[in-house]
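work_9.txt (compact mmCIF, C-alpha atoms and all ligand atoms) appears below.
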# COMPACT_ATOMS: atom_id res chain seq x y z
CA MET A 24 0.00 0.00 0.00
CA GLU A 25 1.24 3.51 -0.84
CA GLN A 26 2.50 5.44 2.21
CA PRO A 27 0.81 8.83 2.76
CA LEU A 28 3.21 11.69 2.10
CA CYS A 29 4.57 13.30 5.24
CA VAL A 30 5.07 17.04 4.64
CA PRO A 31 8.05 18.41 6.62
CA PRO A 32 7.71 21.53 8.81
CA PRO A 33 7.41 24.87 7.03
CA LEU A 34 10.16 27.47 6.78
CA ARG A 35 9.85 30.11 9.48
CA GLY A 36 11.48 33.43 10.24
CA THR A 37 12.85 31.84 13.38
CA ASP A 38 15.00 29.33 11.41
CA PRO A 39 18.44 30.47 12.60
CA GLY A 40 20.69 31.98 9.95
CA SER A 41 18.12 31.39 7.20
CA PHE A 42 17.09 33.67 4.36
CA ALA A 43 13.59 33.61 5.89
CA GLU A 44 15.05 35.06 9.07
CA ARG A 45 16.87 37.78 7.12
CA THR A 46 13.64 38.55 5.25
CA VAL A 47 11.56 38.90 8.40
CA ARG A 48 14.17 40.97 10.26
CA GLU A 49 15.61 43.11 7.45
CA ARG A 50 13.77 42.87 4.14
CA TRP A 51 10.20 43.31 5.41
CA PRO A 52 10.92 46.41 7.54
CA ARG A 53 12.70 47.84 4.50
CA ILE A 54 9.72 47.13 2.25
CA VAL A 55 7.32 48.84 4.66
CA ALA A 56 9.68 51.82 5.03
CA GLN A 57 9.92 52.08 1.24
CA THR A 58 6.14 52.06 0.94
CA ILE A 59 6.09 55.19 3.10
CA GLN A 60 8.97 56.74 1.19
CA VAL A 61 7.78 56.29 -2.40
CA ASN A 62 4.18 57.32 -1.77
CA ASP A 63 2.70 60.57 -0.78
CA PHE A 64 0.26 59.24 1.81
CA PRO A 65 -1.47 61.42 4.39
CA ALA A 66 0.06 61.45 7.89
CA SER A 67 -2.61 59.09 9.28
CA ILE A 68 -1.64 56.35 6.77
CA ASN A 69 2.08 56.85 7.35
CA LYS A 70 1.43 56.51 11.07
CA ARG A 71 -0.29 53.16 10.51
CA LEU A 72 2.55 51.99 8.24
CA ARG A 73 5.12 53.02 10.86
CA ALA A 74 3.19 51.09 13.51
CA LEU A 75 3.26 48.03 11.22
CA HIS A 76 6.99 48.53 10.70
CA ASP A 77 7.51 48.57 14.46
CA GLU A 78 5.60 45.29 14.92
CA LEU A 79 8.23 43.45 12.86
CA PRO A 80 9.52 40.87 13.58
CA ASP A 81 8.40 39.96 17.09
CA GLY A 82 4.92 41.50 17.34
CA PRO A 83 1.92 39.20 17.48
CA ILE A 84 -0.22 38.10 14.56
CA ARG A 85 -3.66 39.69 14.98
CA PRO A 86 -6.94 39.60 13.03
CA LEU A 87 -7.36 42.09 10.19
CA GLN A 88 -8.94 45.41 11.11
CA ASP A 89 -10.43 46.30 7.77
CA PRO A 90 -14.21 46.68 8.14
CA GLY A 91 -16.19 45.85 5.03
CA ALA A 92 -13.19 44.53 3.07
CA PRO A 93 -14.36 41.84 0.62
CA ASP A 94 -11.78 39.33 1.86
CA LEU A 95 -12.11 40.09 5.59
CA ARG A 96 -13.97 36.89 6.53
CA LEU A 97 -11.58 34.76 4.49
CA TRP A 98 -8.52 36.36 6.05
CA ASN A 99 -9.74 36.06 9.58
CA GLU A 100 -10.27 32.31 8.97
CA TRP A 101 -6.74 32.00 7.54
CA ILE A 102 -5.27 33.97 10.44
CA ALA A 103 -7.07 32.06 13.23
CA PRO A 104 -4.58 29.14 13.49
CA TYR A 105 -1.67 31.58 13.94
CA LEU A 106 -3.09 33.93 16.59
CA GLY A 107 -0.59 33.87 19.44
CA GLU A 108 2.35 33.42 17.06
CA THR A 109 4.69 36.26 16.07
CA TRP A 110 5.61 37.45 12.57
CA ALA A 111 8.83 35.49 12.91
CA SER A 112 7.48 32.27 14.42
CA ALA A 113 4.50 31.85 12.07
CA PRO A 114 5.15 29.89 8.84
CA TRP A 115 7.04 32.18 6.47
CA LEU A 116 4.61 31.66 3.57
CA PHE A 117 1.69 32.65 5.79
CA ALA A 118 3.47 35.63 7.36
CA GLU A 119 4.69 37.00 4.02
CA HIS A 120 1.20 37.06 2.46
CA TYR A 121 -0.17 38.47 5.73
CA LEU A 122 2.40 41.27 5.62
CA TYR A 123 1.26 42.46 2.19
CA ARG A 124 -2.38 42.28 3.25
CA ARG A 125 -1.54 44.29 6.39
CA ILE A 126 0.15 46.95 4.22
CA LEU A 127 -3.16 47.31 2.34
CA GLU A 128 -5.04 47.48 5.64
CA ALA A 129 -2.75 50.36 6.65
CA THR A 130 -3.11 52.22 3.35
CA GLY A 131 -6.90 51.89 3.30
CA TYR A 132 -6.91 49.98 0.00
CA PHE A 133 -10.38 48.54 0.61
CA GLN A 134 -11.77 51.52 2.50
CA PRO A 135 -13.81 54.30 0.87
CA GLY A 136 -11.79 57.46 0.36
CA PRO A 137 -8.87 58.82 -1.64
CA THR A 138 -6.68 55.70 -1.30
CA HIS A 139 -9.43 53.26 -2.28
CA LEU A 140 -7.90 50.66 -4.67
CA LEU A 141 -4.72 52.73 -4.89
CA ASP A 142 -1.78 50.40 -5.55
CA PRO A 143 0.94 51.35 -3.02
CA PHE A 144 3.58 49.70 -5.23
CA ARG A 145 2.53 51.38 -8.45
CA LYS A 146 5.55 53.68 -8.65
CA GLN A 147 8.01 50.77 -8.35
CA LYS A 148 6.08 48.77 -10.94
CA THR A 149 5.99 51.66 -13.39
CA ALA A 150 9.72 52.21 -12.98
CA ALA A 151 10.31 48.50 -13.70
CA LEU A 152 8.54 48.99 -17.02
CA ASP A 153 10.96 51.70 -18.02
CA PRO A 154 12.58 50.35 -21.08
CA SER A 155 15.29 49.18 -22.70
CA ALA A 156 12.99 49.92 -25.65
CA GLU A 157 15.37 48.08 -27.95
CA ALA A 158 15.03 44.80 -26.02
CA VAL A 159 11.24 45.13 -26.03
CA ALA A 160 11.27 45.72 -29.79
CA MET A 161 13.45 42.65 -30.35
CA LEU A 162 11.13 40.45 -28.30
CA ALA A 163 8.16 41.84 -30.20
CA ARG A 164 9.79 41.38 -33.63
CA ALA A 165 10.51 37.71 -32.90
CA ALA A 166 6.93 37.26 -31.64
CA ASN A 167 5.54 38.87 -34.79
CA GLU A 168 7.54 36.50 -36.99
CA ARG A 169 6.29 33.49 -35.03
CA ALA A 170 2.72 34.71 -35.35
CA THR A 171 2.89 34.15 -39.11
CA CYS A 172 4.66 30.80 -38.93
CA PRO A 173 3.27 28.04 -36.68
CA GLU A 174 6.25 25.74 -37.39
CA GLN A 175 8.63 28.40 -36.12
CA ALA A 176 6.42 28.99 -33.07
CA ARG A 177 6.51 25.26 -32.29
CA ALA A 178 10.28 25.07 -32.73
CA HIS A 179 10.73 28.13 -30.50
CA LEU A 180 8.88 26.69 -27.51
CA PRO A 181 12.08 25.85 -25.53
CA LEU A 182 13.37 29.39 -26.16
CA LEU A 183 10.06 30.91 -25.07
CA LEU A 184 10.08 28.90 -21.86
CA LEU A 185 13.62 30.04 -21.10
CA THR A 186 12.77 33.67 -21.83
CA SER A 187 9.78 33.47 -19.52
CA LEU A 188 11.85 31.71 -16.85
CA TRP A 189 14.71 34.24 -16.85
CA GLY A 190 12.20 37.06 -17.08
CA ASN A 191 11.56 36.06 -13.46
CA GLN A 192 15.10 37.24 -12.75
CA ILE A 193 15.77 40.08 -15.13
CA ASP A 194 13.93 43.37 -15.27
CA LEU A 195 13.79 45.88 -18.06
CA SER A 196 16.32 48.24 -16.56
CA MET A 197 18.88 45.39 -16.32
CA TRP A 198 18.33 43.98 -19.76
CA SER A 199 20.50 45.96 -22.10
CA ALA A 200 20.87 45.34 -25.81
CA ASP A 201 23.98 43.16 -25.37
CA LYS A 202 21.89 40.71 -23.35
CA ALA A 203 19.33 40.64 -26.08
CA PRO A 204 16.28 38.41 -25.71
CA ARG A 205 17.12 36.45 -28.85
CA HIS A 206 20.23 35.15 -27.17
CA LEU A 207 18.32 33.75 -24.27
CA GLY A 208 18.11 30.02 -24.55
CA THR A 209 21.73 29.56 -25.42
CA THR A 210 24.51 28.09 -23.32
CA ARG A 211 24.71 30.39 -20.31
CA GLU A 212 21.00 30.28 -19.61
CA THR A 213 20.67 26.52 -19.93
CA ALA A 214 23.89 25.93 -17.94
CA HIS A 215 22.20 27.68 -15.01
CA LEU A 216 19.25 25.30 -15.03
CA LEU A 217 19.41 22.82 -12.18
CA VAL A 218 16.60 20.77 -13.72
CA ASN A 219 15.45 21.06 -17.32
CA GLU A 220 12.34 19.06 -18.21
CA THR A 221 11.49 21.17 -21.25
CA GLU A 222 11.45 18.13 -23.52
CA ALA A 223 8.78 16.32 -21.52
CA ALA A 224 6.64 19.47 -21.36
CA HIS A 225 7.10 20.05 -25.09
CA ALA A 226 6.10 16.45 -25.89
CA HIS A 227 3.04 16.88 -23.67
CA LEU A 228 1.95 19.98 -25.62
CA GLU A 229 2.54 18.22 -28.95
CA ALA A 230 0.35 15.34 -27.76
CA ILE A 231 -2.60 17.37 -26.45
CA ALA A 232 -2.71 20.37 -28.80
CA PRO A 233 -4.80 22.41 -29.11
CA ALA A 234 -5.24 22.71 -25.38
CA ARG A 235 -6.37 24.93 -22.55
CA VAL A 236 -3.25 26.30 -20.86
CA ASP A 237 -3.36 28.19 -17.55
CA LEU A 238 -0.54 30.50 -16.53
CA LEU A 239 -0.10 31.55 -12.89
CA ALA A 240 1.49 34.95 -13.34
CA ASP A 241 4.19 36.44 -11.15
CA ASN A 242 5.73 39.90 -11.59
CA ALA A 243 4.48 42.85 -13.61
CA GLY A 244 6.85 44.66 -15.96
CA PHE A 245 9.48 42.74 -17.82
CA GLU A 246 8.50 39.28 -16.57
CA LEU A 247 4.90 39.89 -17.58
CA LEU A 248 6.03 40.92 -21.05
CA CYS A 249 8.00 37.64 -21.38
CA ASP A 250 4.90 35.74 -20.20
CA LEU A 251 2.68 37.47 -22.76
CA VAL A 252 5.20 36.61 -25.47
CA LEU A 253 5.09 32.98 -24.32
CA ILE A 254 1.29 33.03 -24.44
CA ASP A 255 1.37 34.58 -27.92
CA GLY A 256 3.76 31.81 -29.01
CA LEU A 257 1.55 29.05 -27.55
CA LEU A 258 -1.40 30.42 -29.53
CA ALA A 259 0.67 30.91 -32.69
CA ALA A 260 1.99 27.34 -32.49
CA GLY A 261 -1.52 25.96 -32.18
CA TYR A 262 -0.54 24.38 -28.87
CA ALA A 263 -3.23 26.37 -27.05
CA HIS A 264 -6.74 27.27 -28.14
CA THR A 265 -7.18 29.22 -24.89
CA VAL A 266 -4.77 30.58 -22.33
CA VAL A 267 -6.14 31.60 -18.92
CA LEU A 268 -3.83 34.10 -17.25
CA HIS A 269 -4.31 34.11 -13.46
CA LEU A 270 -3.44 37.41 -11.78
CA LYS A 271 -3.48 38.63 -8.19
CA ALA A 272 -6.70 40.22 -6.91
CA HIS A 273 -4.81 42.94 -5.03
CA PRO A 274 -1.25 44.30 -4.85
CA THR A 275 1.23 41.96 -3.16
CA PHE A 276 4.94 41.05 -3.05
CA VAL A 277 5.54 44.58 -4.35
CA SER A 278 5.60 43.77 -8.04
CA ASP A 279 3.09 40.95 -8.51
CA ALA A 280 0.90 41.53 -11.54
CA LEU A 281 -2.75 42.59 -11.44
CA ILE A 282 -5.17 42.76 -14.37
CA ALA A 283 -4.54 46.53 -14.33
CA ASP A 284 -0.81 45.87 -14.88
CA VAL A 285 -1.54 43.75 -17.95
CA LEU A 286 -3.72 46.49 -19.39
CA GLU A 287 -1.09 49.13 -18.65
CA LEU A 288 1.61 47.03 -20.30
CA LEU A 289 -0.57 46.57 -23.37
CA SER A 290 -1.16 50.28 -23.67
CA ARG A 291 2.56 50.97 -23.30
CA LEU A 292 3.27 48.51 -26.11
CA ALA A 293 0.47 50.01 -28.19
CA ASN A 294 2.05 53.46 -27.81
CA ALA A 295 5.65 52.42 -28.47
CA SER A 296 7.57 54.35 -31.09
CA ASP A 297 8.69 51.10 -32.78
CA SER A 298 6.02 49.36 -34.86
CA ALA A 299 6.86 45.81 -33.62
CA PRO A 300 5.56 46.29 -30.04
CA ARG A 301 2.50 48.04 -31.48
CA LEU A 302 1.73 44.99 -33.62
CA LEU A 303 2.29 42.65 -30.66
CA ALA A 304 -0.12 44.73 -28.54
CA LYS A 305 -2.73 44.67 -31.30
CA ARG A 306 -2.50 40.87 -31.57
CA LEU A 307 -2.66 40.35 -27.80
CA ARG A 308 -5.68 42.60 -27.59
CA SER A 309 -7.37 40.65 -30.36
CA HIS A 310 -6.61 37.38 -28.49
CA ILE A 311 -8.36 38.92 -25.47
CA ALA A 312 -11.31 40.11 -27.54
CA ALA A 313 -11.71 36.65 -29.09
CA GLY A 314 -11.48 34.90 -25.70
CA HIS A 315 -8.26 33.07 -26.62
CA LEU A 316 -6.50 34.95 -23.85
CA GLN A 317 -8.55 35.26 -20.68
CA LEU A 318 -7.45 37.52 -17.83
CA THR A 319 -8.72 36.47 -14.46
CA ASP A 320 -7.97 37.32 -10.85
CA SER A 321 -9.00 35.79 -7.56
CA PHE A 322 -8.32 36.25 -3.85
CA ILE A 323 -7.09 32.66 -3.82
CA TRP A 324 -3.80 33.85 -5.38
CA ASN A 325 -3.36 36.28 -2.48
CA CYS A 326 -4.13 33.71 0.19
CA PRO A 327 -1.47 32.54 2.65
CA LEU A 328 -2.09 28.81 2.16
CA PRO A 329 0.11 26.24 0.47
CA MET A 330 -1.63 24.96 -2.66
CA ARG A 331 -2.09 21.52 -1.11
CA ALA A 332 -4.46 23.17 1.40
CA PHE A 333 -6.51 25.09 -1.19
CA PRO A 334 -10.29 24.65 -1.00
CA ALA A 335 -11.93 22.24 -3.44
CA LEU A 336 -13.17 24.90 -5.86
CA PRO A 337 -9.85 26.34 -7.12
CA HIS A 338 -8.52 22.78 -7.37
CA ALA A 339 -11.55 21.82 -9.48
CA GLU A 340 -11.00 24.86 -11.69
CA LEU A 341 -7.32 24.01 -12.26
CA ALA A 342 -8.29 20.39 -12.95
CA ARG A 343 -10.00 21.63 -16.15
CA SER A 344 -6.64 22.72 -17.53
CA ASP A 345 -4.49 20.65 -19.89
CA LEU A 346 -1.37 22.37 -18.60
CA VAL A 347 -0.78 24.78 -15.72
CA ILE A 348 2.38 26.88 -15.98
CA ALA A 349 3.45 28.30 -12.61
CA LYS A 350 5.81 31.26 -12.68
CA GLY A 351 8.30 32.40 -10.12
CA ASP A 352 9.55 31.82 -6.64
CA ALA A 353 6.48 32.54 -4.52
CA ASN A 354 4.24 30.27 -6.64
CA TYR A 355 6.89 27.54 -6.33
CA ARG A 356 7.03 27.93 -2.56
CA ARG A 357 3.23 27.63 -2.46
CA LEU A 358 3.29 24.51 -4.65
CA VAL A 359 5.83 22.68 -2.48
CA ASP A 360 4.36 23.71 0.90
CA ASP A 361 7.26 26.14 1.57
CA ALA A 362 8.59 23.23 3.59
CA HIS A 363 11.94 21.82 4.62
CA TRP A 364 11.96 19.03 2.03
CA PRO A 365 15.28 17.37 1.38
CA PHE A 366 16.31 18.92 -1.94
CA THR A 367 16.46 15.47 -3.55
CA THR A 368 12.79 14.64 -2.82
CA PRO A 369 11.22 13.80 -6.20
CA PHE A 370 9.21 16.72 -7.58
CA ALA A 371 6.45 14.35 -8.77
CA GLU A 372 6.05 12.99 -5.25
CA VAL A 373 5.71 16.43 -3.68
CA VAL A 374 3.19 17.78 -6.22
CA SER A 375 1.28 14.51 -6.66
CA TYR A 376 -1.78 16.28 -5.11
CA PHE A 377 -1.85 18.70 -8.08
CA PRO A 378 -4.95 18.17 -10.25
CA ALA A 379 -3.49 18.86 -13.71
CA PRO A 380 -0.26 18.62 -15.70
CA LEU A 381 2.10 21.19 -14.23
CA LEU A 382 5.13 23.06 -15.55
CA VAL A 383 7.12 25.31 -13.24
CA LEU A 384 9.43 28.07 -14.42
CA ARG A 385 11.26 29.41 -11.40
CA THR A 386 14.49 31.16 -10.49
CA LEU A 387 15.57 30.27 -6.96
CA LYS A 388 15.08 33.05 -4.40
CA ALA A 389 14.31 31.03 -1.28
CA GLU A 390 15.82 28.06 0.53
CA VAL A 391 13.29 25.57 -0.72
CA VAL A 392 13.60 23.33 -3.75
CA VAL A 393 12.90 19.69 -4.63
CA GLY A 394 13.76 17.31 -7.44
CA LEU A 395 17.52 17.97 -7.54
CA GLU A 396 20.27 15.42 -7.98
CA GLU A 397 22.78 15.04 -5.17
CA THR A 398 25.78 15.63 -7.46
CA ARG A 399 24.25 18.78 -8.95
CA ILE A 400 23.62 20.16 -5.46
CA GLY A 401 27.28 19.60 -4.52
CA GLU A 402 28.48 21.19 -7.75
CA VAL A 403 26.36 24.33 -7.56
CA ALA A 404 26.88 24.83 -3.81
CA SER A 405 30.65 24.78 -4.22
CA ARG A 406 30.50 27.20 -7.17
CA ASP A 407 28.01 29.65 -5.71
CA PRO A 408 27.31 29.75 -1.96
CA GLU A 409 24.25 31.97 -2.57
CA TRP A 410 22.72 29.65 -5.17
CA LEU A 411 19.45 29.11 -3.31
CA THR A 412 18.52 32.76 -3.05
CA ASN A 413 20.34 34.94 -5.58
CA GLY A 414 18.06 34.20 -8.54
CA HIS A 415 20.99 33.11 -10.73
CA TRP A 416 19.80 29.51 -10.89
CA GLY A 417 16.58 28.16 -12.28
CA VAL A 418 14.43 25.06 -12.63
CA ILE A 419 12.05 23.93 -15.35
CA GLN A 420 10.12 21.05 -13.78
CA PHE A 421 7.24 19.12 -15.29
CA TYR A 422 4.70 16.84 -13.67
CA CYS A 423 1.92 14.88 -15.35
CA PRO A 424 -0.64 13.17 -13.11
CA PRO A 425 -1.13 9.48 -13.89
CA ARG A 426 -4.15 8.81 -16.10
CA PRO A 427 -7.09 7.21 -14.27
CA VAL A 428 -7.15 3.45 -14.94
CA SER A 429 -10.32 2.47 -16.81
CA PRO A 430 -12.40 -0.19 -15.01
O1 LIG B 501 8.68 37.26 -7.71
P1 LIG B 501 9.01 35.93 -7.18
O2 LIG B 501 9.88 35.14 -8.08
O3 LIG B 501 7.79 35.17 -6.75
O4 LIG B 501 9.88 36.20 -5.91
C1 LIG B 501 9.36 36.71 -4.73
C2 LIG B 501 9.89 35.87 -3.65
O5 LIG B 501 11.20 36.07 -3.41
C3 LIG B 501 11.40 36.30 -2.04
O6 LIG B 501 11.88 37.57 -2.05
C4 LIG B 501 12.27 35.24 -1.49
O7 LIG B 501 11.60 34.03 -1.51
C5 LIG B 501 10.14 36.20 -1.32
O8 LIG B 501 10.07 37.15 -0.40
C6 LIG B 501 9.17 35.90 -2.38
O9 LIG B 501 8.81 34.57 -2.22

Turn the structure described in the file into structure tokens.
Ligand SMILES: O=P(O)(O)OC[C@H]1O[C@](O)(CO)[C@@H](O)[C@@H]1O
Amino acid sequence: MEQPLCVPPPLRGTDPGSFAERTVRERWPRIVAQTIQVNDFPASINKRLRALHDELPDGPIRPLQDPGAPDLRLWNEWIAPYLGETWASAPWLFAEHYLYRRILEATGYFQPGPTHLLDPFRKQKTAALDPSAEAVAMLARAANERATCPEQARAHLPLLLLTSLWGNQIDLSMWSADKAPRHLGTTRETAHLLVNETEAAHAHLEAIAPARVDLLADNAGFELLCDLVLIDGLLAAGYAHTVVLHLKAHPTFVSDALIADVLELLSRLANASDSAPRLLAKRLRSHIAAGHLQLTDSFIWNCPLPMRAFPALPHAELARSDLVIAKGDANYRRLVDDAHWPFTTPFAEVVSYFPAPLLVLRTLKAEVVVGLEETRIGEVASRDPEWLTNGHWGVIQFYCPPRPVSP
């Protein structure tokens, strides 16, 4: 009989010497301080943000105080098990999502008034969109060529996956012309993959096309552009008839993408001086109009739960997909319980609860990873002591649930 999987304890800000500890003690206070600095909030909001800052990292977890907020009941259910814990002692995944929700409580995001639905991270996101216009034009030109040639789009799938993966690391201001998007996918980028299951994912798409593909988005700005180019390629190749792009329901993790960020990116592309981004924007908008690209958001993507603990409904919705692509570090942490798994634990074992074929594209920014080979771990750790958190290393991991056996 198959043994039930025993999930190890979660990462916590109290893990001595860990990146989680550094995040709770240094990075979070900095993020809250920056939120005050980059915005022009009234004194009452800054006072609330300063109070939040001063709670970190040893203040207690408390219920939300956000009367009338649409997610208030949900949050107070999610918080209940951790009342009595501190920011540092609560599971890191929980506390990190809670932090961003508490920032919105402080800024009055869900309250009537001048800061209603005002994204406190908007300025940072907008700056991250500031171009290297040349790199954007090159990405768009390649996408426009693929759009007229399905064979080329199919052949480019590995390149598109790599571009979308490293988009999780690189932002527009870093990506200069000499690191041009067309060169992504060559030696350096593949050499920094700790697992590369592109072939299996590609074969899966070939076998099921045309399919429904779901993409769990991560950051706005450059990464989102790479993701839209991937989506455009999946449609051009005939691999997807529909792509559902899942976005966050409210601002979080500073730069996570909202539907508003997609629309803003499209209008930036549509107003570019170069004609290639304009054509890309036109095509993406027509995919949206035709329902081939669906933008959706849900509070579930802002919740503090590991995916294994999601309610039945989002699981049932994902089960309708032929392939779910999960982007980035935070989605990865959610998928693998943000837990202290031995790094060699098979990926398929850890995500065996997942209801659909799953492809993850993630650069490592946290001390959690599964599915690695012992020798590869030794190699990378001796070359780069910061390999788990500096975003220089990536994984492309694929899981396909076993088909149900017919009676
Ligand atoms: O944008 P990404 O790739 O999800 O990265 C954000 C993540 O990186 C971290 O900074 C480290 O894990 C977290 O705070 C968060 O999980």

Around ligand LIG 501 (chain B), which protein and nucleic acid residues have at least one atom no more than 8 Å from it, if we count all atoms listed in the file? List them as a list in words.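 Those within range of ligand LIG 501 (chain B) are Phe42, Ala43, Thr46, Leu116, Glu119, Asn191, Gln192, Asp241, Asn242, Phe276, Ser278, Asp279, Lys350, Gly351, Asp352, Ala353, Asn354, Tyr355, Arg356, Arg385, Thr386, Leu387, Lys388, Ala389, Glu390 and Thr412 of chain A.
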
Pick out the closest residue to Ala335 in chain A from this set: A:Leu180, A:Ala74, A:Ala260, A:Ile323. Count all atoms listed in the file.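 Of the candidates, the smallest distance to Ala335 in chain A is held by A:Ile323.
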
With distances taken over all atoms listed in the file, which residue among A:Val61, A:Ala240, A:Leu303, A:Ala232 lies nearest Arg164 in chain A?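 Closest residue, counting all atoms listed in the file: A:Leu303.
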
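Proximity to Leu183 in chain A at 8 Å, evaluated using only C-alpha atoms and with sequence-adjacent residues fewer than 3 positions away removed, yields His179, Leu180, Thr186, Ser187, Cys249, Val252, Leu253 and Gly256 of chain A.
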
Only C-alpha atoms, please: the residues just picked out, written as a compact mmCIF listing (two decimals), in the frame of the given file.
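Saved to selection-v5.txt:
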# COMPACT_ATOMS: atom_id res chain seq x y z
CA HIS A 179 10.73 28.13 -30.50
CA LEU A 180 8.88 26.69 -27.51
CA THR A 186 12.77 33.67 -21.83
CA SER A 187 9.78 33.47 -19.52
CA CYS A 249 8.00 37.64 -21.38
CA VAL A 252 5.20 36.61 -25.47
CA LEU A 253 5.09 32.98 -24.32
CA GLY A 256 3.76 31.81 -29.01

So that I can see what lies close to Asp63 in chain A, please list as an NGL selection string the residues with an atom at most 12 Å from it, counting only C-alpha atoms and leaving out residues fewer than 5 positions away in the same chain. :A and (57-58 or 68-69 or 130 or 137-138 or 141 or 143-146)

Select, counting only C-alpha atoms, all protein, DNA and RNA residues no farther than 12 Å from (5.8, 21.1, -6.5) in file coordinates, and express the selection as a PyMOL selection string. chain A and resi 30+329-331+347-350+352-362+364+366+368-385+391-394+418-423

Can you tell me how far CA of Arg169 in chain A sits from CA of Ile282 in chain A, in Å to one decimal?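 These atoms are spaced 25.4 Å apart.
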
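Of the residues under consideration (A:Arg53, A:Arg71, A:Arg96, A:His215), A:Arg71 shows the shortest atom-to-atom contact distance to Gly131 in chain A when counting only C-alpha atoms.
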
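Closest to Arg306 in chain A among A:Ala163, A:Arg177, A:His363, A:Glu44 is A:Ala163, based on all atoms listed in the file.
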
Using all atoms listed in the file, determine which residues lie at most 8 Å from Ala56 in chain A, disregarding the query and same-chain residues fewer than 4 positions distant; provide the list as a PyMOL selection string. chain A and resi 52+60+72-73+76

Excluding Arg406 in chain A and any residue of its chain fewer than 6 positions from it, enumerate the residues within 12 Å of it, using all atoms listed in the file, and give them as a list in words. His215, Arg399, Ile400, His415 and Trp416 of chain A

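Distance check against Leu341 in chain A using all atoms listed in the file: of A:Ala312, A:Val267, A:Ser296, A:Glu402, the minimum falls on A:Val267.
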
May I have the residues within 10 Å of range 87-95 of chain A as a PDB file with C-alpha atoms, keeping the file's coordinate frame, using all atoms listed in the file and disregarding those fewer than 2 positions away in the same chain?
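And here is the file that came out, around.pdb:
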ATOM      1  CA  ILE A  84      -0.220  38.100  14.560  1.00  0.00           C
ATOM      2  CA  ARG A  85      -3.660  39.690  14.980  1.00  0.00           C
ATOM      3  CA  LEU A  97     -11.580  34.760   4.490  1.00  0.00           C
ATOM      4  CA  TRP A  98      -8.520  36.360   6.050  1.00  0.00           C
ATOM      5  CA  ASN A  99      -9.740  36.060   9.580  1.00  0.00           C
ATOM      6  CA  GLU A 100     -10.270  32.310   8.970  1.00  0.00           C
ATOM      7  CA  TRP A 101      -6.740  32.000   7.540  1.00  0.00           C
ATOM      8  CA  ILE A 102      -5.270  33.970  10.440  1.00  0.00           C
ATOM      9  CA  TYR A 121      -0.170  38.470   5.730  1.00  0.00           C
ATOM     10  CA  ARG A 124      -2.380  42.280   3.250  1.00  0.00           C
ATOM     11  CA  ARG A 125      -1.540  44.290   6.390  1.00  0.00           C
ATOM     12  CA  LEU A 127      -3.160  47.310   2.340  1.00  0.00           C
ATOM     13  CA  GLU A 128      -5.040  47.480   5.640  1.00  0.00           C
ATOM     14  CA  ALA A 129      -2.750  50.360   6.650  1.00  0.00           C
ATOM     15  CA  GLY A 131      -6.900  51.890   3.300  1.00  0.00           C
ATOM     16  CA  TYR A 132      -6.910  49.980   0.000  1.00  0.00           C
ATOM     17  CA  PHE A 133     -10.380  48.540   0.610  1.00  0.00           C
ATOM     18  CA  GLN A 134     -11.770  51.520   2.500  1.00  0.00           C
ATOM     19  CA  PRO A 135     -13.810  54.300   0.870  1.00  0.00           C
ATOM     20  CA  PHE A 322      -8.320  36.250  -3.850  1.00  0.00           C
ATOM     21  CA  ILE A 323      -7.090  32.660  -3.820  1.00  0.00           C
ATOM     22  CA  ASN A 325      -3.360  36.280  -2.480  1.00  0.00           C
ATOM     23  CA  CYS A 326      -4.130  33.710   0.190  1.00  0.00           C
TER      24      CYS A 326
END

Measure the distance from CA of His315 in chain A to CA of Leu257 in chain A in Å and round it to one decimal.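 Those two atoms sit 10.6 Å apart.
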
At what distance in Å, to one decimal, does CA of Leu238 in chain A lie from CA of Gln317 in chain A?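 CA of Leu238 in chain A lies at a distance of 10.2 Å from CA of Gln317 in chain A.
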